[in-house]
Amino acid sequence: FAWPRYGVSIARLLSVLVIGEEVNGARRWINLAGIQFQPSEIAKFTMILLFARLTRLYGQDAKTFRHGVLGFGLALMGILVPLALEKHLSAIMLMGMVAVVMMFVAGTRTRWLLAGAVFVVVYISFMGYAGDRVTAWLHPELDPGDTGYQILQSLYAIGSGGLFGLGYGKSRQKYLYLPFQYNDYIFAVICEELGLVGAMAIVALFAVTILRGYWIALNARDRFSTVLAAGLVTLIAVQTILNLCVVTNLLPSTGIALPFFSYGGTALAVNLGEMGIVLGISRGRNRRKIQEA
């Protein structure tokens, strides 16, 4: 079902431009009977599914420029172009990173992947991740009332948590101080309530989940399952790393949520479904491996 899902995902992304609902200045949601639905979350899974399908189809030909670069690249552009029209730069960055990892697993030569990574960085630099965001990241104290406000409030929350935190549910910064404390910056509230010890425990849980996911991918019974599991785990890993780096001001703000923690029905449902697929691949790993060319 990879190709039909791919076509439906593109249609959903394009429909956002026509019937999408604008939230906080961004048009990325469709309202279905009072429920907000974000097509880009489904598109991330669809891209990973299609890349796994193409990997199985190409086999050893994934090492060639025609298949390993043009084949995967054209498939990726079908998703990225509608996202660019939505100006959904965080999703473009995220999907570009996941695509590079999956192409590497599929067998695409490293020199072409490096060229693709450079292109993604240049694109993001010219399309809005430079300028104010970088300035706010490097010097949030220069504009504490506007561009640097969210970063400073996040750091205040992290710092006030200390070693053991203020106690579960006792955060102060989440009350009208830290914007989007329930979404992109929820980890700052976790640090404030649970302290360094609690925050590190959560980071350790993410690390174990990601490492176990890659182990499942390496031990899958066929190439399709290997690449599919690797892509799904990489999606969780990249989102987690970027979110933690943004909240702690190691990277400029990207608007990427923390998997399983941030508020958002579409993202949570998709993340849980993706982990279900990884568990399904793990369940079949003890069966006889399929010999492929």
# chains A, B, ... in the order shown; residues from 1 in each chain; ligands from 1
>>> residues_around(residues="segment 155-172 of chain A", least_positions_apart="2", cutoff="10 Å", atoms="only C-alpha atoms", output="VMD selection string")
chain A and resid 150 to 153 174 to 178 187 to 199 247 to 249
>>> write_last_selection(atoms="C-alpha atoms", output="compact mmCIF listing (two decimals), in the first residue's frame")
# COMPACT_ATOMS: atom_id res chain seq x y z
CA GLN A 150 10.66 31.87 25.21
CA ILE A 151 14.28 30.72 25.41
CA LEU A 152 14.92 32.63 28.63
CA GLN A 153 11.74 31.33 30.27
CA LYS A 174 3.99 26.83 33.08
CA TYR A 175 1.56 29.39 34.48
CA LEU A 176 1.50 32.15 31.84
CA TYR A 177 5.31 32.50 31.73
CA LEU A 178 6.61 29.80 29.36
CA PHE A 187 10.72 19.15 28.64
CA ALA A 188 11.56 22.43 30.41
CA VAL A 189 8.54 21.87 32.67
CA ILE A 190 9.70 18.30 33.28
CA CYS A 191 13.11 19.61 34.35
CA GLU A 192 11.50 22.12 36.69
CA GLU A 193 9.20 19.56 38.33
CA LEU A 194 11.44 16.47 38.39
CA GLY A 195 14.87 18.11 38.45
CA LEU A 196 18.08 16.87 36.85
CA VAL A 197 17.56 13.33 38.16
CA GLY A 198 14.06 12.97 36.70
CA ALA A 199 15.04 14.61 33.40
CA VAL A 247 14.69 23.49 24.98
CA THR A 248 18.21 23.67 26.45
CA ASN A 249 19.22 26.35 23.88
>>> closest_atom_pairs(of="segment 185-252 of chain A", to="segment 256-268 of chain A", cutoff="9 Å", atoms="only C-alpha atoms", output="CSV")
residue,atom,partner,partner_atom,distance
A:Tyr185,CA,A:Ala257,CA,7.9
A:Ile186,CA,A:Ser262,CA,6.3
A:Phe187,CA,A:Leu258,CA,7.7
A:Ile236,CA,A:Pro259,CA,6.6
A:Ala237,CA,A:Pro259,CA,8.9
A:Gln239,CA,A:Ile256,CA,6.4
A:Thr240,CA,A:Leu258,CA,5.5
A:Ile241,CA,A:Leu258,CA,8.7
A:Leu242,CA,A:Ile256,CA,7.1
A:Asn243,CA,A:Leu258,CA,5.8
A:Leu244,CA,A:Leu258,CA,7.8
A:Val246,CA,A:Ile256,CA,8.7
>>> select_by_dssp(residues="segment 55-254 of chain A", states="helix (DSSP H, G or I)", output="MDAnalysis selection string")
chainID A and resid 55:63 65:86 89:106 110:126 132:138 140:142 149:161 186:218 223:247
>>> closest_atom_pairs(of="segment 149-264 of chain A", to="segment 78-98 of chain A", cutoff="7 Å", atoms="only C-alpha atoms", output="tab-separated table")
residue	atom	partner	partner_atom	distance
A:Gly231	CA	A:Val98	CA	6.4
A:Thr234	CA	A:Val98	CA	6.1
A:Leu235	CA	A:Val98	CA	6.0
A:Thr254	CA	A:Ser90	CA	5.6
A:Gly255	CA	A:Ser90	CA	6.1
A:Ile256	CA	A:Ser90	CA	6.4
>>> write_last_selection(atoms="C-alpha atoms", output="CSV table (one decimal), in the first residue's frame")
chain,number,residue,atom,x,y,z
A,231,GLY,CA,13.4,4.9,9.4
A,234,THR,CA,15.3,7.5,13.3
A,235,LEU,CA,12.2,9.7,13.1
A,254,THR,CA,12.7,24.5,15.2
A,255,GLY,CA,9.1,23.9,16.3
A,256,ILE,CA,9.6,20.1,16.7
>>> residues_around(residues="Ser225 of chain A", least_positions_apart="2", cutoff="10 Å", atoms="only C-alpha atoms", output="list in words")
Leu49, Ala52, Arg53, Arg56, Ile216, Ala217, Leu218, Asn219, Ala220, Arg221, Asp222, Arg223, Val227, Leu228, Ala229, Ala230, Gly231, Ile277, Val278, Gly280, Ile281, Ser282, Gly284 and Arg285 of chain A
>>> write_last_selection(atoms="N, CA, C and O atoms", output="mmCIF file, in the first residue's frame")
data_model
loop_
_atom_site.group_PDB
_atom_site.id
_atom_site.type_symbol
_atom_site.label_atom_id
_atom_site.label_comp_id
_atom_site.auth_asym_id
_atom_site.auth_seq_id
_atom_site.Cartn_x
_atom_site.Cartn_y
_atom_site.Cartn_z
ATOM 1 N N LEU A 49 7.627 4.631 4.760
ATOM 2 C CA LEU A 49 7.077 3.407 4.172
ATOM 3 C C LEU A 49 7.486 3.282 2.705
ATOM 4 O O LEU A 49 7.898 2.202 2.247
ATOM 5 N N ALA A 52 11.189 2.398 2.290
ATOM 6 C CA ALA A 52 11.415 0.972 2.555
ATOM 7 C C ALA A 52 10.990 0.137 1.349
ATOM 8 O O ALA A 52 11.654 -0.836 0.971
ATOM 9 N N ARG A 53 9.876 0.508 0.740
ATOM 10 C CA ARG A 53 9.395 -0.191 -0.460
ATOM 11 C C ARG A 53 10.385 -0.042 -1.605
ATOM 12 O O ARG A 53 10.678 -1.024 -2.320
ATOM 13 N N ARG A 56 13.494 -2.221 -1.126
ATOM 14 C CA ARG A 56 13.228 -3.616 -1.503
ATOM 15 C C ARG A 56 13.205 -3.765 -3.015
ATOM 16 O O ARG A 56 13.679 -4.763 -3.565
ATOM 17 N N ILE A 216 16.422 -3.949 16.741
ATOM 18 C CA ILE A 216 15.347 -4.654 16.042
ATOM 19 C C ILE A 216 15.526 -4.527 14.532
ATOM 20 O O ILE A 216 15.359 -5.501 13.779
ATOM 21 N N ALA A 217 15.888 -3.323 14.070
ATOM 22 C CA ALA A 217 16.094 -3.116 12.633
ATOM 23 C C ALA A 217 17.226 -3.992 12.102
ATOM 24 O O ALA A 217 17.107 -4.609 11.034
ATOM 25 N N LEU A 218 18.323 -4.069 12.840
ATOM 26 C CA LEU A 218 19.469 -4.852 12.393
ATOM 27 C C LEU A 218 19.153 -6.344 12.352
ATOM 28 O O LEU A 218 19.777 -7.099 11.586
ATOM 29 N N ASN A 219 18.225 -6.801 13.165
ATOM 30 C CA ASN A 219 17.908 -8.221 13.254
ATOM 31 C C ASN A 219 16.586 -8.586 12.577
ATOM 32 O O ASN A 219 16.064 -9.682 12.799
ATOM 33 N N ALA A 220 16.060 -7.679 11.758
ATOM 34 C CA ALA A 220 14.814 -7.963 11.043
ATOM 35 C C ALA A 220 15.039 -9.061 10.003
ATOM 36 O O ALA A 220 16.158 -9.310 9.559
ATOM 37 N N ARG A 221 13.963 -9.701 9.585
ATOM 38 C CA ARG A 221 14.088 -10.883 8.729
ATOM 39 C C ARG A 221 14.239 -10.549 7.248
ATOM 40 O O ARG A 221 14.526 -11.427 6.445
ATOM 41 N N ASP A 222 14.012 -9.309 6.837
ATOM 42 C CA ASP A 222 14.176 -8.942 5.420
ATOM 43 C C ASP A 222 14.558 -7.465 5.324
ATOM 44 O O ASP A 222 14.472 -6.717 6.289
ATOM 45 N N ARG A 223 14.995 -7.085 4.127
ATOM 46 C CA ARG A 223 15.494 -5.721 3.921
ATOM 47 C C ARG A 223 14.400 -4.680 4.109
ATOM 48 O O ARG A 223 14.640 -3.617 4.682
ATOM 49 N N VAL A 227 14.830 -1.539 6.821
ATOM 50 C CA VAL A 227 14.808 -0.118 6.470
ATOM 51 C C VAL A 227 13.588 0.571 7.077
ATOM 52 O O VAL A 227 13.670 1.716 7.538
ATOM 53 N N LEU A 228 12.451 -0.109 7.105
ATOM 54 C CA LEU A 228 11.247 0.478 7.702
ATOM 55 C C LEU A 228 11.447 0.749 9.189
ATOM 56 O O LEU A 228 11.157 1.853 9.679
ATOM 57 N N ALA A 229 11.972 -0.240 9.916
ATOM 58 C CA ALA A 229 12.213 -0.054 11.351
ATOM 59 C C ALA A 229 13.253 1.030 11.592
ATOM 60 O O ALA A 229 13.100 1.869 12.490
ATOM 61 N N ALA A 230 14.328 1.030 10.800
ATOM 62 C CA ALA A 230 15.375 2.047 10.956
ATOM 63 C C ALA A 230 14.819 3.446 10.714
ATOM 64 O O ALA A 230 15.150 4.399 11.438
ATOM 65 N N GLY A 231 13.952 3.589 9.722
ATOM 66 C CA GLY A 231 13.360 4.891 9.439
ATOM 67 C C GLY A 231 12.447 5.374 10.546
ATOM 68 O O GLY A 231 12.502 6.544 10.955
ATOM 69 N N ILE A 277 4.341 -0.841 14.787
ATOM 70 C CA ILE A 277 4.948 -1.488 13.619
ATOM 71 C C ILE A 277 6.330 -2.030 13.964
ATOM 72 O O ILE A 277 6.690 -3.149 13.570
ATOM 73 N N VAL A 278 7.120 -1.239 14.701
ATOM 74 C CA VAL A 278 8.453 -1.706 15.110
ATOM 75 C C VAL A 278 8.334 -2.965 15.970
ATOM 76 O O VAL A 278 9.115 -3.920 15.809
ATOM 77 N N GLY A 280 5.931 -5.113 15.796
ATOM 78 C CA GLY A 280 5.544 -6.178 14.877
ATOM 79 C C GLY A 280 6.746 -6.758 14.140
ATOM 80 O O GLY A 280 6.847 -7.973 13.940
ATOM 81 N N ILE A 281 7.662 -5.889 13.738
ATOM 82 C CA ILE A 281 8.896 -6.347 13.084
ATOM 83 C C ILE A 281 9.732 -7.159 14.067
ATOM 84 O O ILE A 281 10.316 -8.184 13.712
ATOM 85 N N SER A 282 9.770 -6.703 15.325
ATOM 86 C CA SER A 282 10.527 -7.428 16.347
ATOM 87 C C SER A 282 9.941 -8.822 16.575
ATOM 88 O O SER A 282 10.674 -9.803 16.748
ATOM 89 N N GLY A 284 8.599 -10.787 14.483
ATOM 90 C CA GLY A 284 8.916 -11.707 13.396
ATOM 91 C C GLY A 284 10.398 -11.935 13.171
ATOM 92 O O GLY A 284 10.786 -12.615 12.228
ATOM 93 N N ARG A 285 11.257 -11.378 14.050
ATOM 94 C CA ARG A 285 12.695 -11.462 13.790
ATOM 95 C C ARG A 285 13.252 -12.871 13.956
ATOM 96 O O ARG A 285 14.316 -13.191 13.414
#
>>> residues_around(residues="Arg109 of chain A", least_positions_apart="6", cutoff="12 Å", atoms="only C-alpha atoms", output="list in words")
Gln60, Asp61, Ala62, Lys63, Thr64, Phe65, Arg66, His67, Gly68, Val69, Val100, Val101, Met102, Met103, Ala115 and Gly116 of chain A
>>> atom_distance(atom1="atom CA of Lys44 of chain A", atom2="atom CA of Leu76 of chain A")
10.2 Å
>>> atom_distance(atom1="atom CA of Trp3 of chain A", atom2="atom CA of Phe72 of chain A")
13.2 Å
>>> residues_around(residues="Ile10 of chain A", least_positions_apart="3", cutoff="9 Å", atoms="only C-alpha atoms", output="PyMOL selection string")
chain A and resi 5-7+13-15+39+43+78-79+82
